[in-house]
Amino acid sequence: MQKLKHIISTTQLLNRKLQEHLFVSAAQMERDDAQRTLSRPLSGRILATIFYEPSTRTRLSFEAAMQKLGGGVLTAENARDSSSAAKGESIADAIRVISGYADVIALRHYEEGAAKAAAKISPVPLINAGDGIGEHPTQALADIYTIEKELGGRDGLRVALVGDLLYGRTIHSLLPLLCLYPGVQIDLVSPAQLRLPAKYIQHLERQGVHFRESDKLGASIKSADVIYITRVQKERFASPQEYEAIKDVYVIDSKIADKLKKHAIIMHALPRVNEIAPEVDSNSRAAYFRQAKNALYIRMALLNYLLA
């Protein structure tokens, strides 16, 4: 198994042996963290988190991951406005400079493809922490890890992907991983304006994955093992009117949650707006906060894999 230098796309993570290695590592780190017995294999190493778009969970979980492993952190929380980017500095120059200070870079950018371009010139490992409407590979890996932890396996599941499938980079990254598993069935539930782009539909067809498209959530409620709902992203719309017209098209409340299979789980990469009612948080099927914590240990495993 050839070791990866950068983590840019989910396509790099399709190796089942690599996934299992990272999942075993993440699970062990979670146990060690609970028992306060974590080793510090990255002592003396530095992570730079460079975020040109807002983030809470991704940025903080990367930073917490590095610190739990004994490393240090440099951060540019709002790099688009509060770094030299505001003076016109190119991302290429920024990466060349930052790589002289840090041993690994986690980059979030508003342009699709920015992470791939940055990785080509970065002498240190670079992790794509979200690039526009492109990909978010570490989130997808955490999502698959969550499904496995919660349901005990991934084969033969029915997964409903709900909401913004057009702009949702978490969905775009998750689909290739779901396609690995025999018998997986996928429901694509979205308004017509937010349907999954054609290139992902074509990928499902090439992989022979059974899927169905709908603008109605009802058909998936009783059959799904996983409901993965996404936020309709206001920042991706050209006008406020377009966003307002469809922002609340799918809302999971207690009545809907209770109709799901007993073992089913509700996932969301967060932040949520109105798409999951707070009353659902106490339902055993609500896995989204557990999902967020799982991402911490997955990112710990990834940082250790890249640097240790």
# chains A, B, ... in the order shown; residues from 1 in each chain; ligands from 1
>>> select_by_dssp(residues="region 43-217 of chain A", states="helix (DSSP H, G or I)", output="MDAnalysis selection string")
chainID A and resid 57:68 79:82 84:87 91:98 114:121 137:151 169:178 192:194 198:206
>>> closest_residue(among="A:Ala142, A:Ser223, A:Gly152, A:Leu217", to="Gln19 (chain A)", atoms="only C-alpha atoms")
A:Ala142
>>> closest_atom_pairs(of="region 23-70 of chain A", to="region 287-302 of chain A", cutoff="8 Å", atoms="only C-alpha atoms", output="Markdown table")
| residue | atom | partner | partner_atom | distance |
| --- | --- | --- | --- | --- |
| A:Phe23 | CA | A:Ile298 | CA | 7.1 |
| A:Ser25 | CA | A:Ala301 | CA | 5.7 |
| A:Ala26 | CA | A:Tyr297 | CA | 4.9 |
| A:Ala27 | CA | A:Tyr297 | CA | 7.3 |
| A:Met29 | CA | A:Tyr297 | CA | 6.5 |
| A:Glu30 | CA | A:Tyr297 | CA | 6.3 |
| A:Arg57 | CA | A:Ala292 | CA | 7.2 |
| A:Ser61 | CA | A:Leu296 | CA | 5.0 |
| A:Phe62 | CA | A:Arg299 | CA | 6.2 |
| A:Ala64 | CA | A:Leu296 | CA | 7.4 |
| A:Ala65 | CA | A:Met300 | CA | 4.8 |
| A:Met66 | CA | A:Met300 | CA | 6.7 |
| A:Lys68 | CA | A:Met300 | CA | 8.0 |
| A:Leu69 | CA | A:Met300 | CA | 7.2 |
>>> residues_around(residues="Leu126 (chain A)", least_positions_apart="5", cutoff="7 Å", atoms="only C-alpha atoms", output="CSV table (one decimal) with all heavy atoms, in the first residue's frame")
chain,number,residue,atom,x,y,z
A,6,HIS,N,-0.5,13.7,0.0
A,6,HIS,CA,-1.5,14.7,0.1
A,6,HIS,C,-2.9,14.0,0.2
A,6,HIS,O,-3.0,12.9,-0.4
A,6,HIS,CB,-1.5,15.7,-1.0
A,6,HIS,CG,-0.2,16.4,-1.3
A,6,HIS,ND1,0.3,17.3,-0.4
A,6,HIS,CD2,0.6,16.3,-2.3
A,6,HIS,CE1,1.5,17.7,-0.9
A,6,HIS,NE2,1.7,17.1,-2.1
A,7,ILE,N,-3.9,14.6,0.8
A,7,ILE,CA,-5.2,14.1,0.8
A,7,ILE,C,-6.1,15.2,0.1
A,7,ILE,O,-6.5,16.2,0.8
A,7,ILE,CB,-5.8,13.8,2.2
A,7,ILE,CG1,-4.8,12.9,3.0
A,7,ILE,CG2,-7.2,13.3,2.2
A,7,ILE,CD1,-4.8,11.5,2.4
A,104,VAL,N,2.5,20.3,7.9
A,104,VAL,CA,1.3,19.9,7.2
A,104,VAL,C,0.3,21.0,7.1
A,104,VAL,O,0.3,21.9,8.1
A,104,VAL,CB,0.7,18.6,7.9
A,104,VAL,CG1,0.3,18.9,9.3
A,104,VAL,CG2,-0.5,18.1,7.1
A,105,ILE,N,-0.4,21.1,6.1
A,105,ILE,CA,-1.4,22.2,5.9
A,105,ILE,C,-2.8,21.6,5.6
A,105,ILE,O,-3.0,20.7,4.8
A,105,ILE,CB,-1.0,23.1,4.7
A,105,ILE,CG1,0.4,23.7,4.9
A,105,ILE,CG2,-2.0,24.2,4.4
A,105,ILE,CD1,1.0,24.4,3.6
A,106,ALA,N,-3.8,22.2,6.4
A,106,ALA,CA,-5.2,21.9,6.1
A,106,ALA,C,-5.7,23.1,5.4
A,106,ALA,O,-5.8,24.2,6.0
A,106,ALA,CB,-5.9,21.5,7.3
A,119,ALA,N,-1.6,21.6,-3.8
A,119,ALA,CA,-0.8,20.4,-3.5
A,119,ALA,C,0.4,20.3,-4.4
A,119,ALA,O,1.4,19.7,-4.1
A,119,ALA,CB,-1.7,19.2,-3.5
>>> closest_residue(among="A:Val280, A:Tyr200, A:Val273, A:His268", to="Ser254 (chain A)", atoms="only C-alpha atoms")
A:Val280
>>> select_by_dssp(residues="region 116-204 of chain A", states="strand (DSSP E)", output="list of chain:residue names")
A:Leu126, A:Ile127, A:Asn128, A:Ala129, A:Gly130, A:Asp131, A:Arg158, A:Val159, A:Ala160, A:Leu161, A:Val162, A:Gln185, A:Ile186, A:Asp187, A:Leu188, A:Val189
>>> residues_around(residues="Ser214 (chain A)", least_positions_apart="6", cutoff="9 Å", atoms="only C-alpha atoms", output="PyMOL selection string")
chain A and resi 187-192
>>> residues_around(residues="Cys179 (chain A)", least_positions_apart="2", cutoff="12 Å", atoms="only C-alpha atoms", output="mmCIF file with N, CA, C and O atoms, in the first residue's frame")
data_model
loop_
_atom_site.group_PDB
_atom_site.id
_atom_site.type_symbol
_atom_site.label_atom_id
_atom_site.label_comp_id
_atom_site.auth_asym_id
_atom_site.auth_seq_id
_atom_site.Cartn_x
_atom_site.Cartn_y
_atom_site.Cartn_z
ATOM 1 N N THR A 10 -11.540 12.234 -2.455
ATOM 2 C CA THR A 10 -12.004 10.943 -1.960
ATOM 3 C C THR A 10 -11.481 9.802 -2.820
ATOM 4 O O THR A 10 -11.328 8.687 -2.329
ATOM 5 N N THR A 11 -11.219 10.059 -4.084
ATOM 6 C CA THR A 11 -10.728 8.988 -4.952
ATOM 7 C C THR A 11 -9.414 8.407 -4.452
ATOM 8 O O THR A 11 -9.064 7.270 -4.791
ATOM 9 N N LEU A 14 -10.154 5.274 -1.736
ATOM 10 C CA LEU A 14 -11.006 4.150 -2.108
ATOM 11 C C LEU A 14 -10.389 2.801 -1.787
ATOM 12 O O LEU A 14 -11.019 1.768 -1.993
ATOM 13 N N ILE A 144 -18.290 7.719 6.548
ATOM 14 C CA ILE A 144 -18.262 6.265 6.382
ATOM 15 C C ILE A 144 -17.900 5.585 7.704
ATOM 16 O O ILE A 144 -18.475 4.556 8.081
ATOM 17 N N ARG A 154 -21.462 -1.842 6.156
ATOM 18 C CA ARG A 154 -21.852 -0.909 5.108
ATOM 19 C C ARG A 154 -22.503 -1.595 3.917
ATOM 20 O O ARG A 154 -23.080 -0.937 3.074
ATOM 21 N N ASP A 155 -22.407 -2.890 3.806
ATOM 22 C CA ASP A 155 -22.958 -3.585 2.650
ATOM 23 C C ASP A 155 -24.472 -3.716 2.760
ATOM 24 O O ASP A 155 -25.012 -3.950 3.846
ATOM 25 N N GLY A 156 -25.157 -3.559 1.630
ATOM 26 C CA GLY A 156 -26.592 -3.790 1.577
ATOM 27 C C GLY A 156 -27.441 -2.717 2.218
ATOM 28 O O GLY A 156 -28.622 -2.929 2.470
ATOM 29 N N LEU A 157 -26.876 -1.545 2.466
ATOM 30 C CA LEU A 157 -27.629 -0.480 3.112
ATOM 31 C C LEU A 157 -28.383 0.362 2.089
ATOM 32 O O LEU A 157 -27.980 0.462 0.934
ATOM 33 N N ARG A 158 -29.471 0.979 2.536
ATOM 34 C CA ARG A 158 -30.130 1.999 1.734
ATOM 35 C C ARG A 158 -29.840 3.353 2.385
ATOM 36 O O ARG A 158 -30.144 3.566 3.562
ATOM 37 N N VAL A 159 -29.230 4.224 1.610
ATOM 38 C CA VAL A 159 -28.806 5.532 2.102
ATOM 39 C C VAL A 159 -29.562 6.605 1.342
ATOM 40 O O VAL A 159 -29.514 6.658 0.106
ATOM 41 N N HIS A 172 -20.773 15.034 -2.628
ATOM 42 C CA HIS A 172 -19.903 14.726 -3.759
ATOM 43 C C HIS A 172 -18.744 13.828 -3.333
ATOM 44 O O HIS A 172 -18.303 12.972 -4.106
ATOM 45 N N SER A 173 -18.249 14.021 -2.128
ATOM 46 C CA SER A 173 -17.143 13.200 -1.629
ATOM 47 C C SER A 173 -17.610 11.849 -1.110
ATOM 48 O O SER A 173 -16.897 10.851 -1.216
ATOM 49 N N LEU A 174 -18.784 11.803 -0.532
ATOM 50 C CA LEU A 174 -19.277 10.571 0.071
ATOM 51 C C LEU A 174 -19.669 9.522 -0.967
ATOM 52 O O LEU A 174 -19.462 8.321 -0.757
ATOM 53 N N LEU A 175 -20.229 9.956 -2.084
ATOM 54 C CA LEU A 175 -20.750 9.010 -3.077
ATOM 55 C C LEU A 175 -19.720 7.980 -3.544
ATOM 56 O O LEU A 175 -20.046 6.781 -3.592
ATOM 57 N N PRO A 176 -18.498 8.375 -3.911
ATOM 58 C CA PRO A 176 -17.545 7.344 -4.348
ATOM 59 C C PRO A 176 -17.257 6.288 -3.282
ATOM 60 O O PRO A 176 -17.030 5.121 -3.609
ATOM 61 N N LEU A 177 -17.266 6.690 -2.020
ATOM 62 C CA LEU A 177 -17.037 5.724 -0.947
ATOM 63 C C LEU A 177 -18.223 4.775 -0.798
ATOM 64 O O LEU A 177 -18.052 3.579 -0.595
ATOM 65 N N TYR A 181 -19.388 -0.474 -1.884
ATOM 66 C CA TYR A 181 -19.959 -1.558 -1.113
ATOM 67 C C TYR A 181 -21.117 -2.243 -1.825
ATOM 68 O O TYR A 181 -22.108 -1.600 -2.187
ATOM 69 N N PRO A 182 -20.984 -3.565 -2.047
ATOM 70 C CA PRO A 182 -22.012 -4.304 -2.789
ATOM 71 C C PRO A 182 -23.382 -4.177 -2.140
ATOM 72 O O PRO A 182 -23.525 -4.233 -0.920
ATOM 73 N N GLY A 183 -24.381 -3.986 -2.986
ATOM 74 C CA GLY A 183 -25.750 -3.959 -2.495
ATOM 75 C C GLY A 183 -26.217 -2.638 -1.953
ATOM 76 O O GLY A 183 -27.373 -2.510 -1.547
ATOM 77 N N VAL A 184 -25.356 -1.638 -1.924
ATOM 78 C CA VAL A 184 -25.772 -0.323 -1.437
ATOM 79 C C VAL A 184 -26.784 0.281 -2.415
ATOM 80 O O VAL A 184 -26.600 0.235 -3.623
ATOM 81 N N GLN A 185 -27.877 0.815 -1.866
ATOM 82 C CA GLN A 185 -28.894 1.497 -2.661
ATOM 83 C C GLN A 185 -28.969 2.949 -2.191
ATOM 84 O O GLN A 185 -28.931 3.214 -0.985
ATOM 85 N N ILE A 186 -29.081 3.854 -3.142
ATOM 86 C CA ILE A 186 -29.003 5.267 -2.807
ATOM 87 C C ILE A 186 -30.239 6.001 -3.313
ATOM 88 O O ILE A 186 -30.608 5.887 -4.482
ATOM 89 N N TYR A 200 -21.780 12.941 -11.344
ATOM 90 C CA TYR A 200 -21.923 11.995 -10.231
ATOM 91 C C TYR A 200 -22.971 10.938 -10.557
ATOM 92 O O TYR A 200 -22.824 9.770 -10.159
ATOM 93 N N ILE A 201 -24.015 11.320 -11.265
ATOM 94 C CA ILE A 201 -25.001 10.350 -11.738
ATOM 95 C C ILE A 201 -24.310 9.329 -12.642
ATOM 96 O O ILE A 201 -24.533 8.105 -12.525
ATOM 97 N N HIS A 203 -21.232 8.476 -12.606
ATOM 98 C CA HIS A 203 -20.375 7.612 -11.787
ATOM 99 C C HIS A 203 -21.195 6.489 -11.153
ATOM 100 O O HIS A 203 -20.764 5.325 -11.154
ATOM 101 N N LEU A 204 -22.369 6.812 -10.625
ATOM 102 C CA LEU A 204 -23.236 5.781 -10.054
ATOM 103 C C LEU A 204 -23.601 4.739 -11.105
ATOM 104 O O LEU A 204 -23.595 3.532 -10.830
ATOM 105 N N GLU A 205 -23.896 5.190 -12.302
ATOM 106 C CA GLU A 205 -24.269 4.275 -13.379
ATOM 107 C C GLU A 205 -23.099 3.383 -13.771
ATOM 108 O O GLU A 205 -23.276 2.168 -13.978
ATOM 109 N N ARG A 206 -21.919 3.946 -13.868
ATOM 110 C CA ARG A 206 -20.732 3.147 -14.223
ATOM 111 C C ARG A 206 -20.431 2.094 -13.166
ATOM 112 O O ARG A 206 -19.971 0.993 -13.485
ATOM 113 N N GLN A 207 -20.697 2.434 -11.910
ATOM 114 C CA GLN A 207 -20.426 1.507 -10.815
ATOM 115 C C GLN A 207 -21.537 0.485 -10.627
ATOM 116 O O GLN A 207 -21.425 -0.409 -9.784
ATOM 117 N N GLY A 208 -22.607 0.633 -11.366
ATOM 118 C CA GLY A 208 -23.716 -0.311 -11.259
ATOM 119 C C GLY A 208 -24.491 -0.197 -9.961
ATOM 120 O O GLY A 208 -25.116 -1.171 -9.506
ATOM 121 N N VAL A 209 -24.485 0.995 -9.364
ATOM 122 C CA VAL A 209 -25.188 1.212 -8.096
ATOM 123 C C VAL A 209 -26.660 1.513 -8.377
ATOM 124 O O VAL A 209 -26.979 2.353 -9.230
ATOM 125 N N HIS A 210 -27.536 0.837 -7.648
ATOM 126 C CA HIS A 210 -28.975 1.096 -7.788
ATOM 127 C C HIS A 210 -29.308 2.406 -7.078
ATOM 128 O O HIS A 210 -29.024 2.576 -5.898
ATOM 129 N N PHE A 211 -29.909 3.353 -7.811
ATOM 130 C CA PHE A 211 -30.286 4.623 -7.200
ATOM 131 C C PHE A 211 -31.601 5.089 -7.791
ATOM 132 O O PHE A 211 -32.034 4.650 -8.861
#
>>> decode(residues="region 270-296 of chain A", atoms="N, CA, C and O atoms", output="compact mmCIF listing (two decimals), in the first residue's frame")
# COMPACT_ATOMS: atom_id res chain seq x y z
N LEU A 270 -23.37 19.32 9.43
CA LEU A 270 -23.47 20.54 10.22
C LEU A 270 -22.67 21.67 9.56
O LEU A 270 -21.76 21.40 8.78
N PRO A 271 -23.02 22.93 9.75
CA PRO A 271 -24.08 23.39 10.65
C PRO A 271 -25.46 23.19 10.04
O PRO A 271 -25.63 23.18 8.83
N ARG A 272 -26.44 23.00 10.92
CA ARG A 272 -27.82 22.92 10.45
C ARG A 272 -28.47 24.29 10.59
O ARG A 272 -28.03 25.12 11.37
N VAL A 273 -29.54 24.47 9.84
CA VAL A 273 -30.34 25.69 9.98
C VAL A 273 -31.72 25.26 10.49
O VAL A 273 -31.95 25.20 11.69
N ASN A 274 -32.61 24.89 9.54
CA ASN A 274 -33.94 24.44 9.95
C ASN A 274 -34.24 23.00 9.56
O ASN A 274 -35.32 22.50 9.83
N GLU A 275 -33.27 22.33 8.93
CA GLU A 275 -33.58 21.04 8.32
C GLU A 275 -33.72 19.88 9.31
O GLU A 275 -34.28 18.83 8.97
N ILE A 276 -33.23 20.05 10.53
CA ILE A 276 -33.48 19.07 11.60
C ILE A 276 -33.97 19.85 12.82
O ILE A 276 -33.27 20.72 13.33
N ALA A 277 -35.17 19.54 13.27
CA ALA A 277 -35.74 20.23 14.43
C ALA A 277 -34.94 19.85 15.68
O ALA A 277 -34.54 18.69 15.85
N PRO A 278 -34.70 20.80 16.59
CA PRO A 278 -33.96 20.50 17.82
C PRO A 278 -34.57 19.36 18.64
O PRO A 278 -33.84 18.66 19.36
N GLU A 279 -35.87 19.16 18.52
CA GLU A 279 -36.52 18.08 19.26
C GLU A 279 -36.00 16.71 18.87
O GLU A 279 -36.15 15.74 19.63
N VAL A 280 -35.38 16.59 17.70
CA VAL A 280 -34.86 15.31 17.23
C VAL A 280 -33.55 14.95 17.94
O VAL A 280 -33.15 13.79 17.98
N ASP A 281 -32.89 15.93 18.53
CA ASP A 281 -31.57 15.69 19.11
C ASP A 281 -31.56 14.59 20.16
O ASP A 281 -30.56 13.88 20.32
N SER A 282 -32.66 14.42 20.88
CA SER A 282 -32.73 13.41 21.93
C SER A 282 -33.13 12.04 21.40
O SER A 282 -33.14 11.06 22.15
N ASN A 283 -33.46 11.95 20.12
CA ASN A 283 -33.84 10.68 19.52
C ASN A 283 -32.57 9.83 19.32
O ASN A 283 -31.54 10.33 18.88
N SER A 284 -32.66 8.56 19.63
CA SER A 284 -31.48 7.68 19.51
C SER A 284 -30.96 7.60 18.08
O SER A 284 -29.79 7.26 17.85
N ARG A 285 -31.82 7.91 17.12
CA ARG A 285 -31.41 7.84 15.71
C ARG A 285 -30.56 9.05 15.31
O ARG A 285 -29.92 9.02 14.26
N ALA A 286 -30.55 10.08 16.10
CA ALA A 286 -29.81 11.31 15.77
C ALA A 286 -28.32 11.07 15.98
O ALA A 286 -27.83 11.06 17.11
N ALA A 287 -27.59 10.90 14.89
CA ALA A 287 -26.17 10.55 14.98
C ALA A 287 -25.25 11.72 14.67
O ALA A 287 -24.03 11.57 14.70
N TYR A 288 -25.80 12.90 14.37
CA TYR A 288 -24.97 13.96 13.81
C TYR A 288 -23.96 14.54 14.79
O TYR A 288 -22.86 14.94 14.37
N PHE A 289 -24.25 14.57 16.07
CA PHE A 289 -23.24 15.07 17.00
C PHE A 289 -22.16 14.00 17.24
O PHE A 289 -20.98 14.32 17.41
N ARG A 290 -22.56 12.73 17.23
CA ARG A 290 -21.58 11.65 17.30
C ARG A 290 -20.70 11.67 16.04
O ARG A 290 -19.49 11.44 16.10
N GLN A 291 -21.32 11.94 14.91
CA GLN A 291 -20.61 12.07 13.63
C GLN A 291 -19.54 13.16 13.72
O GLN A 291 -18.42 12.98 13.24
N ALA A 292 -19.88 14.30 14.31
CA ALA A 292 -18.93 15.40 14.44
C ALA A 292 -17.74 15.01 15.32
O ALA A 292 -16.59 15.36 15.01
N LYS A 293 -18.01 14.26 16.37
CA LYS A 293 -16.91 13.83 17.24
C LYS A 293 -16.05 12.78 16.55
O LYS A 293 -14.81 12.77 16.70
N ASN A 294 -16.68 11.91 15.78
CA ASN A 294 -15.91 10.90 15.04
C ASN A 294 -14.90 11.56 14.11
O ASN A 294 -13.81 11.04 13.88
N ALA A 295 -15.27 12.71 13.56
CA ALA A 295 -14.37 13.42 12.63
C ALA A 295 -13.07 13.83 13.31
O ALA A 295 -12.02 13.88 12.66
N LEU A 296 -13.14 14.12 14.60
CA LEU A 296 -11.92 14.46 15.34
C LEU A 296 -10.93 13.30 15.28
O LEU A 296 -9.74 13.48 14.97
